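Engineer: Just dropping this structure here.
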Number of protein chains: 4
Amino acid sequence: MSEDWRLLIDCADQEGLVHKTTGVLYREHCNVLVNHEFADPQSNRFFMRTEFVGDIDKDRIIEELWKVLPPQPFVKLIQPGKTRIAVLATKEHHCVSDILTRCAFGELDAEVAGVIANHDIVRPFIEKFETPFHLCSHVDVSREEQERQVIEQLEEIAPDYIVLAKYMRILSPDFVNRFSNRIINIHHSFLPAFVGAKPYHQAWERGVKVIGATAHYVTEQLDEGPIIEQQVINVDHSHSPQDMARAGRDVERLTLSRALRLVFEGRVFLNGHRTVIFD
Amino acid sequence: MSEDWRLLIDCADQEGLVHKTTGVLYREHCNVLVNHEFADPQSNRFFMRTEFVGDIDKDRIIEELWKVLPPQPFVKLIQPGKTRIAVLATKEHHCVSDILTRCAFGELDAEVAGVIANHDIVRPFIEKFETPFHLCSHVDVSREEQERQVIEQLEEIAPDYIVLAKYMRILSPDFVNRFSNRIINIHHSFLPAFVGAKPYHQAWERGVKVIGATAHYVTEQLDEGPIIEQQVINVDHSHSPQDMARAGRDVERLTLSRALRLVFEGRVFLNGHRTVIFD
Amino acid sequence: MSEDWRLLIDCADQEGLVHKTTGVLYREHCNVLVNHEFADPQSNRFFMRTEFVGDIDKDRIIEELWKVLPPQPFVKLIQPGKTRIAVLATKEHHCVSDILTRCAFGELDAEVAGVIANHDIVRPFIEKFETPFHLCSHVDVSREEQERQVIEQLEEIAPDYIVLAKYMRILSPDFVNRFSNRIINIHHSFLPAFVGAKPYHQAWERGVKVIGATAHYVTEQLDEGPIIEQQVINVDHSHSPQDMARAGRDVERLTLSRALRLVFEGRVFLNGHRTVIFD
Amino acid sequence: MSEDWRLLIDCADQEGLVHKTTGVLYREHCNVLVNHEFADPQSNRFFMRTEFVGDIDKDRIIEELWKVLPPQPFVKLIQPGKTRIAVLATKEHHCVSDILTRCAFGELDAEVAGVIANHDIVRPFIEKFETPFHLCSHVDVSREEQERQVIEQLEEIAPDYIVLAKYMRILSPDFVNRFSNRIINIHHSFLPAFVGAKPYHQAWERGVKVIGATAHYVTEQLDEGPIIEQQVINVDHSHSPQDMARAGRDVERLTLSRALRLVFEGRVFLNGHRTVIFD
C-alpha cells in the first residue's frame with residue numbers, strides 16, 4: 001500500500017550523491033514529490049530531504065542507501081504524524097498558549113504530552129485543554145533538585161522534543177546532553193546581542209528600532225545554539241520597555257511556532273553550529 | 001578545462017527525472033555544486049536548475065539529456081557572464097539609475113547596451129555612464145510610429161532582455177510577442193490592485209497601510225504577467241500621495257534589481273501564468 | 001483623585017486648536033502625558049488624542065472644550081478599561097482563539113461577552129473559556145431569518161464592538177447601519193485585490209510572492225471599509241494554496257489583534273474612507 | 001511674505017508646554033500644519049517639532065519662546081533647503097553612489113559638497129557627478145596624519161553633516177568631538193552584535209537568518225552612538241558570506257538614505273543615548 005514518506009540524509013559530500021540516492025528510490029518504484037538537497041562547501045557535508053510516495057520495505061531501503069552513501073551516513077525515514085512534545089514554561093503564557101491552541105486545532109502536527117512549569121500561573125489555561133500540568137517549583141529546593149524533578153517528569157512523558165516556551169531557568173550541561181539536539185528554545189531580542197537579564201530594558205536603553213526573536217536548538221552554551229528561525233518587528237522612541245516586551249511577545253510566539261513546524265516536519269538539519277532548512 | 005555551468009531544465013514530469021538527469025552529469029564527471037528541482041503537481045511540469053563544474057562537450061551533454069528526458073524538454077546550458085540589456089524609461093529616474101549604478105560596480109552582472117526613453121529627462125544621468133541614450137519621443141507622432149522607432153533601436157541593440165524601468169507607455173501585442181518572455185516590468189503598488197493611472201493617489205484615497213512593488217514578465221495582458229518578485233513597505237495616514245510615491249520608489253528599485261538578478265542568473269522559470277524561482 | 005484619561009477630538013480644522021485645547025487641560029491642572037494630533041489638508045479635519053492625568057469634572061471639561069472648538073466637534077473622554085466585544089465566527093478558529101487567549105491573559109484589554117457562529121466547530125474551544133457560545137445556523141433558514149437571530153443575540157450581549165473573526169456571511173446594509181462604525185473585520189489577502197471566494201486559490205493562481213491581511217471597519221460596501229491595519233508575509237512557488245492559507249492565517253490573527261488593540265485604546269479615528277491612527 | 005518653517009524644541013518637561021509654545025505661534029498668526037511632541041517620562045525631557053507657515057520675525061519668535069520655556073531650552077527655527085554634506089568612503093561604493101544619485105535627482109534634499117576617501121576606487125563614479133573628490137590615503141602616513149588631512153579637507157568643505165558611507169577607519173575622540181552630533185554612520189549587521197572585523201563572516205558562522213543595518217550618530221564609543229534607523233533582510237543557509245554581504249549592501253544603502261532624510265528634515269532629536277524621531 002502506497003504511503004507518504006520523508007527521507008532525511010546527512011553525510012559527507014561526494015560526487016553523484018543525488019543520482020545514487022534517487023536511484024535507490026527509483027528502483028523501489030517510489031514516486032518522488034519534492035526533493036531538496038544542499039552541499040555545504042565549507043563543512044563538506046551533504047544534506048537531502050525527499051518527500052516520496054511508495055509501498056516500501058523500510059529496512060531494505062535504508063540498507064540500499066547505506067550501500068551507495070559514504071561511510072556513517074545519517075539516514076532517517078519518517079512518516080507524517082503527531083510529534084510528541086513536552087513544554088517547559090515559567091510565568092509567561094504567550095508561547096505555551098499559542099502551541100496548545102495550534103495543536104488543539106491541528107495547525108501544528110504535535111501533541112502536547114505535558115507542560116512543566118516552575119510557577120503555577122499558566123496551570124488554569126493548560127488544564128482547559130486536558131493537558132497534564134506539572135509544577136516543579138524552585139522555591140525552597142536547590143537548583144539541582146528542581147532540575148532533577150523536571151527530568152523525572154520528562155522521562156515519564158518521554159517526548160520527542162522539549163520546547164522551552166519562555167522557561168527562565170538555566171539548564172545544566174547534564175540536562176542539555178541528556179536530551180541532546182531535542183531541546184528548542186525561543187529567545188527574546190537578538191542573538192547574540194543583549195545576552196543576560198531584562199533584555200527589553202537593555203534594548204530600550206539602547207534605543208533600538210527593531211525587536212526580534214530567535215528560535216534555536218539548545219546547546220551547552222547559553223543562547224548560542226544553532227538558529228532555526230528569526231523574525232523582527234519595528235519599534236520606536238514612543239515604546240516603553242513594556243511596549244517593546246509586548247511587541248516582542250508577538251514576534252516570539254510566531255517565531256517559535258514556525259520553528260516547531262519546521263522541526264516537526266523534518267525540515268531542519270544541524271550543520272555544526274548552523275542549520276540547513278528546507279522549506 | 002573545468003568551467004562553471006548552469007543547467008536549466010523544464011519538461012513534463014515523470015518518475016526518476018532527478019536520477020536520470022544527474023546520471024548524465026555524473027557520467028560526464030561533472031561536479032554538482034547546487035541542485036534545485038520542483039515538480040508542480042498542478043501543471044505536471046518538472047523544473048530543475050543545477051550549478052556544476054566540469055570540462056564538458058556541451059552538445060554531447062544536451063544530446064544525452066534529451067535521451068533521458070520526456071519528449072520536447074526545454075534544456076539550456078549557460079555560463080555566468082554579463083547579460084546584455086536595454087532599458088526603457090519615461091521621466092522617472094530611480095529604477096534606471098539604480099540599474100546603471102549596479103552594473104557600473106558589478107553588483108548586477110549585466111551590461112546596459114542602451115537606454116531608450118520618450119522624454120529627455122534622464123539623458124544627462126545616462127550619458128555620465130557612457131551608455132547610449134536614444135530619445136523616441138511620443139510628441140507629434142502616432143503611437144504606432146513611436147513604437148516602431150523603439151523597436152528599431154531595440155533591434156540594433158539586440159539585447160537579451162528588455163527592462164521597463166518605469167516606462168509609462170502601453171506596449172502593443174505585436175511588441176510583446178516580438179520579445180516574448182524577454183520583457184521585465186516593475187509595477188507600482190499591488191498587482192492586481194489599483195490597475196490604471198495615478199496608483200499612489202488611488203492607494204492614498206483607499207487609506208492603505210502598505211505600499212508594494214511587483215516585478216513581472218510582460219505579457220499581452222497589461223500588468224498581468226507572471227510575477228517574479230514582490231516587496232512592500234509600511235505607510236500611514238500622515239503620508240501624502242507624494243510621500244507614498246517616494247516610499248514606492250524605494251521599494252520599486254529594490255524589487256526590480258532583485259528580480260533582474262534572479263532572471264540573469266537563470267533562477268526564474270515560467271510555469272504558465274506563474275513562476276518557479278530557485279534562489 | 002488623579003485618574004488616567006484619554007481625550008479624543010475630531011472636528012473641522014482651524015488655527016490654534018492645539019493651543020486652545022491644551023489650554024483647557026492646563027487650566028484644569030491636568031498633566032498631559034502624550035499628545036498626538038493630525039490636521040488633514042485634504043479633508044480639512046483636525047484629529048487629536050491626548051493621554052492625561054487629572055482629578056477632573058468630566059462634564060465641565062467637555063463643556064469648556066466645546067467653547068473653544070469649531071461647531072459640532074466630536075469630543076470623547078474615556079478611561080482605560082475593558083472593552084466589551086462580541087465575536088462572530090464561522091468554521092475557522094485562528095482569529096477567535098487568538099482573541100480569547102489574549103483576553104484571558106490581559107494582553108488585549110477586552111472582555112469577550114459572547115461568540116456567535118453559524119457552525120458548531122469552534123464551540124468546544126469557546127466553552128473552555130466559560131464564554132457564552134450562540135449557534136445561529138444558516139441551515140434551513142432564510143438569510144434574513146439567520147441574520148435576525150444574530151442581531152437578537154447581539155442586542156442581548158450589547159457589545160461595544162462586534163468583531164468578525166472570519167465570519168463568512170455577507171451582512172445586510174441594515175445590519176451594518178445598526179452597528180455603524182462598531183464592526184471590525186479581518187480580510188484575507190490584499191484589499192482591494194481578489195475580492196470574492198477562494199482568495200488563496202486566486203492568489204496561488206496568480207503566483208503572488210506576498211500574502212497579506214487587512215483589518216478594517218465594515219461599511220455597506222463589502223470589504224471596502226476604512227483600513228485599520230495591514231500586514232504581509234512572503235510566500236513562493238513551493239507553497240500550495242493550503243500553505244498560502246496557513247501563512248495567511250498567521251498574518252490574519254496578528255493583524256486583527258493589533259487592529260483591535262488600536263481601536264480599544266482609542267487610537268483610531270475615521271476620516272472619510274480613511275483612518276487616522278495614533279500609535 | 002508667508003514661508004515654510006520648522007520649529008524644533010528640546011527642553012526639560014513641565015506642564016503646559018504644548019499650550020504655551022503653540023500660543024506663541026498663534027499670537028504671531030502662524031498656521032501650524034503638523035505638530036509632533038513627545039515627553040520622555042524617563043529623561044523628563046520634552047521634544048517638539050512643528051511645521052508652520054507664516055510671515056515671521058525669526059528673532060522675536062525665538063525670544064518669545066524662551067520666555068515661556070524652561071531654562072536653557074534648545075530652540076531652532078529652520079527652513080526647508082539643501083543640507084550641505086561631506087561623504088567619507090573607503091572602497092565600497094553602494095552607499096556613496098546611492099547618496100549622490102538621490103541628491104542628483106532631488107530625492108534627498110542635500111548637496112554633496114565633497115567626497116573624501118582613503119582609496120581611489122570610487123573616484124571615477126564621484127567625478128561623473130562633478131563632485132570634488134579628495135584622496136586622503138592611509139598608505140605611508142601615520143593614523144594621526146591621515147586624519148589630520150581629512151579634517152583639513154572637512155574644514156574647507158564646511159559641511160552641515162559628515163556621512164560615513166562605509167568609511168572603514170576608526171575616528172579619534174578628537175575628531176568625533178570636533179564634529180559633535182554631526183557625524184552619521186551606517187553599520188553592517190546588528191548593533192551591538194558582531195562588533196569588529198568581517199561581520200558578515202561572523203554572521204554566516206553564527207548561521208543567522210536575518211541581516212540588518214543600523215544608521216547612527218557617531219560618538220566616542222565605536223558603533224555605540226544613538227540609533228536613527230534599523231532595517232533587516234532575510235537570509236538562509238544557502239547564502240555564502242558573500243551573498244550575505246550583498247544582501248547587507250541593499251539594506252545598508254536603504255537604511256542610510258532614510259536616516260539621512262530624517263536628519264536633514266529636522267526629524268531626529270537626541271535624547272541621551274537614544275533618539276526621538278518624528279516621521
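Residues in the C-alpha cells are numbered from 1 in each chain, the chains being A, B, ... in the order shown, and ligands are numbered from 1 in the order shown.
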Would you list which chain C residues are within 8 Å of chain D using only C-alpha atoms, as a ChimeraX atom specification?

Structural biologist: /C:15-16,18-23,26,31-39

Engineer: At a cut-off of 7 Å, using only C-alpha atoms, what residues contact A:Ala117? Leave out same-chain residues fewer than 2 positions from it and give the result as a short mmCIF file (atom, residue, chain, number, x, y, z; two decimals) with N, CA, C and O atoms, in the first residue's frame.

Structural biologist:
```cif
data_model
loop_
_atom_site.label_atom_id
_atom_site.label_comp_id
_atom_site.auth_asym_id
_atom_site.auth_seq_id
_atom_site.Cartn_x
_atom_site.Cartn_y
_atom_site.Cartn_z
N LEU A 88 8.13 23.40 28.53
CA LEU A 88 8.55 23.96 29.81
C LEU A 88 8.27 25.45 29.82
O LEU A 88 8.59 26.16 28.86
N ALA A 89 7.66 25.94 30.89
CA ALA A 89 7.31 27.36 30.98
C ALA A 89 7.66 27.89 32.36
O ALA A 89 8.01 27.12 33.27
N THR A 90 7.57 29.20 32.50
CA THR A 90 7.77 29.81 33.83
C THR A 90 6.51 30.59 34.19
O THR A 90 5.56 30.01 34.68
N VAL A 115 2.94 19.75 30.26
CA VAL A 115 3.54 21.06 30.47
C VAL A 115 4.14 21.07 31.86
O VAL A 115 3.48 20.69 32.83
N HIS A 119 6.29 27.84 38.02
CA HIS A 119 5.27 28.65 38.67
C HIS A 119 3.91 28.05 38.31
O HIS A 119 3.80 27.31 37.34
N ASP A 120 2.89 28.46 39.06
CA ASP A 120 1.57 27.86 38.86
C ASP A 120 0.68 28.70 37.93
O ASP A 120 -0.47 28.37 37.68
N HIS A 134 2.51 19.91 35.31
CA HIS A 134 3.35 19.50 36.44
C HIS A 134 4.08 20.72 37.00
O HIS A 134 4.85 21.36 36.27
N LEU A 135 3.85 21.02 38.25
CA LEU A 135 4.58 22.11 38.89
C LEU A 135 5.88 21.58 39.46
O LEU A 135 5.87 20.63 40.26
N CYS A 136 7.00 22.15 39.03
CA CYS A 136 8.29 21.81 39.64
C CYS A 136 8.85 23.11 40.18
O CYS A 136 9.69 23.77 39.54
#
```

Engineer: Using only C-alpha atoms, which residue out of D:Ile233, D:Arg274, D:Val218, D:Ser137 lies closest to B:Leu254?

Structural biologist: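 With only C-alpha atoms as the atom set, the closest residue is D:Ile233.
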
Engineer: As a ChimeraX atom specification, please: every residue in stretch 125-239 of chain D that a backbone DSSP assignment puts in strand (DSSP E or B).

Structural biologist: /D:133-135,161-164,183-188,210-217,227-234

Engineer: Choose the residue, out of C:Gln79, C:Gln230, C:Thr255, C:Ser142, that has the smallest atom-to-atom separation from C:Trp5; count only C-alpha atoms.

Structural biologist: C:Gln79

Engineer: I want to know what sits within 6 Å of stretch 200-214 of chain A, based on only C-alpha atoms, with residues of the same chain fewer than 2 positions away left out; could you give that as an MDAnalysis selection string?

Structural biologist: (chainID A and resid 186:190 198 229:236 241 245 252) or (chainID D and resid 230 274)

Engineer: Can those selected residues be exported to a file as a PDB file, in the first residue's frame so that it contains N, CA and C atoms?

Structural biologist:
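The new file out_11.pdb reads:
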```
ATOM      1  N   ILE A 186      13.067  29.575  22.629  1.00  0.00           N
ATOM      2  CA  ILE A 186      12.759  30.855  21.978  1.00  0.00           C
ATOM      3  C   ILE A 186      13.421  31.944  22.804  1.00  0.00           C
ATOM      4  N   HIS A 187      14.117  32.821  22.130  1.00  0.00           N
ATOM      5  CA  HIS A 187      14.888  33.845  22.838  1.00  0.00           C
ATOM      6  C   HIS A 187      14.443  35.219  22.378  1.00  0.00           C
ATOM      7  N   HIS A 188      14.120  36.050  23.361  1.00  0.00           N
ATOM      8  CA  HIS A 188      13.796  37.452  23.140  1.00  0.00           C
ATOM      9  C   HIS A 188      14.966  38.151  22.487  1.00  0.00           C
ATOM     10  N   SER A 189      14.655  39.270  21.799  1.00  0.00           N
ATOM     11  CA  SER A 189      15.696  40.152  21.301  1.00  0.00           C
ATOM     12  C   SER A 189      16.618  39.416  20.335  1.00  0.00           C
ATOM     13  N   PHE A 190      17.738  40.046  20.022  1.00  0.00           N
ATOM     14  CA  PHE A 190      18.608  39.465  19.018  1.00  0.00           C
ATOM     15  C   PHE A 190      19.756  38.699  19.606  1.00  0.00           C
ATOM     16  N   LYS A 198      16.729  41.040  31.651  1.00  0.00           N
ATOM     17  CA  LYS A 198      15.970  42.231  31.250  1.00  0.00           C
ATOM     18  C   LYS A 198      16.320  42.696  29.833  1.00  0.00           C
ATOM     19  N   GLU A 229      15.092  29.886  13.359  1.00  0.00           N
ATOM     20  CA  GLU A 229      14.238  30.921  12.767  1.00  0.00           C
ATOM     21  C   GLU A 229      14.440  32.231  13.506  1.00  0.00           C
ATOM     22  N   GLN A 230      14.436  33.333  12.740  1.00  0.00           N
ATOM     23  CA  GLN A 230      14.498  34.667  13.341  1.00  0.00           C
ATOM     24  C   GLN A 230      13.488  35.572  12.663  1.00  0.00           C
ATOM     25  N   GLN A 231      12.796  36.351  13.432  1.00  0.00           N
ATOM     26  CA  GLN A 231      11.885  37.342  12.873  1.00  0.00           C
ATOM     27  C   GLN A 231      12.013  38.640  13.668  1.00  0.00           C
ATOM     28  N   VAL A 232      11.571  39.732  13.064  1.00  0.00           N
ATOM     29  CA  VAL A 232      11.683  41.028  13.729  1.00  0.00           C
ATOM     30  C   VAL A 232      10.395  41.822  13.588  1.00  0.00           C
ATOM     31  N   ILE A 233      10.315  42.871  14.386  1.00  0.00           N
ATOM     32  CA  ILE A 233       9.168  43.778  14.384  1.00  0.00           C
ATOM     33  C   ILE A 233       9.720  45.172  14.691  1.00  0.00           C
ATOM     34  N   ASN A 234       9.102  46.211  14.109  1.00  0.00           N
ATOM     35  CA  ASN A 234       9.612  47.570  14.300  1.00  0.00           C
ATOM     36  C   ASN A 234       9.103  48.198  15.595  1.00  0.00           C
ATOM     37  N   VAL A 235       9.939  48.984  16.223  1.00  0.00           N
ATOM     38  CA  VAL A 235       9.540  49.767  17.394  1.00  0.00           C
ATOM     39  C   VAL A 235      10.096  51.185  17.238  1.00  0.00           C
ATOM     40  N   ASP A 236       9.645  52.102  18.090  1.00  0.00           N
ATOM     41  CA  ASP A 236      10.216  53.449  18.039  1.00  0.00           C
ATOM     42  C   ASP A 236      10.319  54.078  19.428  1.00  0.00           C
ATOM     43  N   PRO A 241       9.671  50.187  27.684  1.00  0.00           N
ATOM     44  CA  PRO A 241      10.161  48.796  27.749  1.00  0.00           C
ATOM     45  C   PRO A 241       8.995  47.803  27.746  1.00  0.00           C
ATOM     46  N   ALA A 245       8.299  44.842  25.101  1.00  0.00           N
ATOM     47  CA  ALA A 245       8.090  43.451  25.510  1.00  0.00           C
ATOM     48  C   ALA A 245       6.822  42.896  24.861  1.00  0.00           C
ATOM     49  N   GLU A 252       7.795  36.613  19.250  1.00  0.00           N
ATOM     50  CA  GLU A 252       8.279  35.360  19.841  1.00  0.00           C
ATOM     51  C   GLU A 252       7.352  34.187  19.545  1.00  0.00           C
TER      52      GLU A 252
ATOM     53  N   GLN D 230      16.960  51.377  11.733  1.00  0.00           N
ATOM     54  CA  GLN D 230      17.411  49.992  11.558  1.00  0.00           C
ATOM     55  C   GLN D 230      16.472  49.278  10.609  1.00  0.00           C
ATOM     56  N   ARG D 274      19.688  57.769  23.196  1.00  0.00           N
ATOM     57  CA  ARG D 274      18.611  57.350  22.329  1.00  0.00           C
ATOM     58  C   ARG D 274      18.220  58.499  21.397  1.00  0.00           C
TER      59      ARG D 274
END
```

Engineer: Determine which residues of stretch 3-85 of chain A receive a DSSP assignment of alpha helix (DSSP H), computed from the backbone, and state them as number ranges by chain.

Structural biologist: A: 17-27, 58-68

Engineer: Which residues come within 8 Å of B:His93, counting only C-alpha atoms, excluding same-chain residues fewer than 4 positions away, as number ranges by chain?

Structural biologist: B: 89, 97, 122; D: 105

Engineer: Near stretch 168-184 of chain D, within 8 Å and counting only C-alpha atoms, which residues show up once chain neighbours fewer than 2 positions away are dropped, as a ChimeraX atom specification?

Structural biologist: /D:89-90,147,151,160-164,166,186,215-220,222

Engineer: Go ahead and write the residues just picked, N, CA and C atoms, as a CSV table (one decimal), in the first residue's frame.

Structural biologist:
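Okay, part_37.csv is ready:
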```
chain,number,residue,atom,x,y,z
D,89,ALA,N,34.3,57.8,2.4
D,89,ALA,CA,34.2,56.4,2.0
D,89,ALA,C,35.6,55.7,2.0
D,90,THR,N,35.6,54.4,1.8
D,90,THR,CA,36.8,53.7,1.7
D,90,THR,C,36.8,53.0,0.3
D,147,GLU,N,44.3,61.4,9.4
D,147,GLU,CA,43.1,62.0,10.0
D,147,GLU,C,43.2,63.5,9.9
D,151,ILE,N,40.5,66.1,8.2
D,151,ILE,CA,40.0,67.2,8.9
D,151,ILE,C,40.2,68.5,8.1
D,160,ASP,N,27.4,70.7,6.8
D,160,ASP,CA,26.5,70.7,8.0
D,160,ASP,C,26.6,69.3,8.6
D,161,TYR,N,26.7,68.2,7.8
D,161,TYR,CA,26.8,66.9,8.3
D,161,TYR,C,27.9,66.1,7.6
D,162,ILE,N,28.5,65.2,8.3
D,162,ILE,CA,29.5,64.3,7.7
D,162,ILE,C,28.9,62.9,7.7
D,163,VAL,N,28.9,62.3,6.5
D,163,VAL,CA,28.3,61.0,6.4
D,163,VAL,C,29.4,59.9,6.2
D,164,LEU,N,29.5,59.0,7.1
D,164,LEU,CA,30.4,57.9,6.9
D,164,LEU,C,29.7,56.8,6.1
D,166,LYS,N,30.4,53.8,4.7
D,166,LYS,CA,31.3,52.7,4.7
D,166,LYS,C,32.7,53.1,4.7
D,186,ILE,N,26.8,54.3,8.9
D,186,ILE,CA,26.0,53.2,8.6
D,186,ILE,C,26.8,52.0,9.0
D,215,ALA,N,21.8,52.8,11.1
D,215,ALA,CA,22.4,54.1,10.9
D,215,ALA,C,22.3,54.8,12.2
D,216,HIS,N,23.4,55.4,12.6
D,216,HIS,CA,23.5,56.0,13.9
D,216,HIS,C,24.4,57.2,14.0
D,217,TYR,N,24.2,58.1,15.0
D,217,TYR,CA,25.2,59.2,15.2
D,217,TYR,C,26.5,58.6,15.7
D,218,VAL,N,27.6,59.2,15.4
D,218,VAL,CA,28.9,58.7,15.9
D,218,VAL,C,29.2,59.4,17.2
D,219,THR,N,29.6,58.6,18.2
D,219,THR,CA,30.1,59.1,19.5
D,219,THR,C,31.4,58.5,19.7
D,220,GLU,N,32.0,58.8,20.8
D,220,GLU,CA,33.4,58.3,21.1
D,220,GLU,C,33.4,56.7,21.2
D,222,LEU,N,32.8,53.5,19.8
D,222,LEU,CA,32.7,52.9,18.4
D,222,LEU,C,31.4,52.1,18.2
```

Engineer: What gap, in Å, lies between atom CA of B:Gln149 and atom CA of B:Ala110?

Structural biologist: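 About the pair atom CA of B:Gln149 and atom CA of B:Ala110: they are 24.1 Å apart.
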
Engineer: Quick one: distance from atom CA of A:Pro80 to atom CA of A:Arg49 in Å, one decimal?

Structural biologist: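 Going from atom CA of A:Pro80 over to atom CA of A:Arg49, I get 13.5 Å.
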
Engineer: When you draw a straight line from atom CA of D:Ile61 to atom CA of D:Leu77, how long is it in Å?

Structural biologist: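 That distance, rounded to one decimal, is 9.2 Å.
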
Engineer: Excluding B:Trp66 and any residue of its chain fewer than 2 positions from it, enumerate the residues within 12 Å of it, using only C-alpha atoms, and give them as a PyMOL selection string.

Structural biologist: chain B and resi 9-11+17+20-21+24+59-64+68-76

Engineer: Pull N, CA and C atoms from the residues just selected and write them as a PDB file, in the first residue's frame.

Structural biologist:
```
ATOM      1  N   ILE B   9      16.444  22.974 -16.836  1.00  0.00           N
ATOM      2  CA  ILE B   9      15.554  22.003 -17.475  1.00  0.00           C
ATOM      3  C   ILE B   9      14.109  22.311 -17.103  1.00  0.00           C
ATOM      4  N   ASP B  10      13.236  22.235 -18.077  1.00  0.00           N
ATOM      5  CA  ASP B  10      11.794  22.417 -17.868  1.00  0.00           C
ATOM      6  C   ASP B  10      11.111  21.428 -18.810  1.00  0.00           C
ATOM      7  N   CYS B  11      10.416  20.432 -18.239  1.00  0.00           N
ATOM      8  CA  CYS B  11       9.786  19.398 -19.080  1.00  0.00           C
ATOM      9  C   CYS B  11       8.591  18.794 -18.353  1.00  0.00           C
ATOM     10  N   LEU B  17      13.289  11.575 -12.819  1.00  0.00           N
ATOM     11  CA  LEU B  17      13.970  12.606 -13.616  1.00  0.00           C
ATOM     12  C   LEU B  17      15.243  13.132 -12.955  1.00  0.00           C
ATOM     13  N   LYS B  20      17.877  10.421 -13.442  1.00  0.00           N
ATOM     14  CA  LYS B  20      18.363  10.304 -14.816  1.00  0.00           C
ATOM     15  C   LYS B  20      19.217  11.508 -15.211  1.00  0.00           C
ATOM     16  N   THR B  21      18.778  12.679 -14.809  1.00  0.00           N
ATOM     17  CA  THR B  21      19.481  13.895 -15.183  1.00  0.00           C
ATOM     18  C   THR B  21      20.840  13.976 -14.504  1.00  0.00           C
ATOM     19  N   VAL B  24      23.447  11.724 -16.078  1.00  0.00           N
ATOM     20  CA  VAL B  24      24.185  12.236 -17.241  1.00  0.00           C
ATOM     21  C   VAL B  24      25.395  13.045 -16.782  1.00  0.00           C
ATOM     22  N   ASP B  59      27.431  20.097 -26.504  1.00  0.00           N
ATOM     23  CA  ASP B  59      26.438  19.471 -27.374  1.00  0.00           C
ATOM     24  C   ASP B  59      26.154  18.035 -26.956  1.00  0.00           C
ATOM     25  N   ARG B  60      27.219  17.303 -26.571  1.00  0.00           N
ATOM     26  CA  ARG B  60      27.004  15.909 -26.191  1.00  0.00           C
ATOM     27  C   ARG B  60      26.126  15.793 -24.942  1.00  0.00           C
ATOM     28  N   ILE B  61      26.375  16.677 -23.946  1.00  0.00           N
ATOM     29  CA  ILE B  61      25.560  16.628 -22.725  1.00  0.00           C
ATOM     30  C   ILE B  61      24.095  16.904 -23.053  1.00  0.00           C
ATOM     31  N   ILE B  62      23.841  17.900 -23.872  1.00  0.00           N
ATOM     32  CA  ILE B  62      22.451  18.203 -24.222  1.00  0.00           C
ATOM     33  C   ILE B  62      21.822  17.011 -24.952  1.00  0.00           C
ATOM     34  N   GLU B  63      22.595  16.401 -25.845  1.00  0.00           N
ATOM     35  CA  GLU B  63      22.109  15.216 -26.559  1.00  0.00           C
ATOM     36  C   GLU B  63      21.776  14.086 -25.575  1.00  0.00           C
ATOM     37  N   GLU B  64      22.664  13.864 -24.606  1.00  0.00           N
ATOM     38  CA  GLU B  64      22.431  12.802 -23.615  1.00  0.00           C
ATOM     39  C   GLU B  64      21.195  13.114 -22.759  1.00  0.00           C
ATOM     40  N   VAL B  68      17.247  11.038 -22.044  1.00  0.00           N
ATOM     41  CA  VAL B  68      16.629  10.550 -20.799  1.00  0.00           C
ATOM     42  C   VAL B  68      15.401  11.368 -20.380  1.00  0.00           C
ATOM     43  N   LEU B  69      15.200  12.507 -21.040  1.00  0.00           N
ATOM     44  CA  LEU B  69      14.072  13.363 -20.639  1.00  0.00           C
ATOM     45  C   LEU B  69      12.838  13.067 -21.488  1.00  0.00           C
ATOM     46  N   PRO B  70      11.639  13.433 -20.999  1.00  0.00           N
ATOM     47  CA  PRO B  70      10.410  13.259 -21.775  1.00  0.00           C
ATOM     48  C   PRO B  70      10.481  14.086 -23.063  1.00  0.00           C
ATOM     49  N   PRO B  71       9.622  13.797 -24.013  1.00  0.00           N
ATOM     50  CA  PRO B  71       9.657  14.496 -25.299  1.00  0.00           C
ATOM     51  C   PRO B  71       9.596  16.020 -25.156  1.00  0.00           C
ATOM     52  N   GLN B  72      10.291  16.675 -26.025  1.00  0.00           N
ATOM     53  CA  GLN B  72      10.293  18.138 -26.114  1.00  0.00           C
ATOM     54  C   GLN B  72      10.624  18.869 -24.822  1.00  0.00           C
ATOM     55  N   PRO B  73      11.706  18.499 -24.203  1.00  0.00           N
ATOM     56  CA  PRO B  73      12.103  19.228 -22.993  1.00  0.00           C
ATOM     57  C   PRO B  73      12.719  20.568 -23.373  1.00  0.00           C
ATOM     58  N   PHE B  74      12.647  21.512 -22.457  1.00  0.00           N
ATOM     59  CA  PHE B  74      13.441  22.736 -22.569  1.00  0.00           C
ATOM     60  C   PHE B  74      14.742  22.470 -21.821  1.00  0.00           C
ATOM     61  N   VAL B  75      15.872  22.527 -22.515  1.00  0.00           N
ATOM     62  CA  VAL B  75      17.175  22.298 -21.879  1.00  0.00           C
ATOM     63  C   VAL B  75      18.105  23.439 -22.272  1.00  0.00           C
ATOM     64  N   LYS B  76      18.736  24.046 -21.290  1.00  0.00           N
ATOM     65  CA  LYS B  76      19.609  25.178 -21.570  1.00  0.00           C
ATOM     66  C   LYS B  76      20.867  25.063 -20.720  1.00  0.00           C
TER      67      LYS B  76
END
```
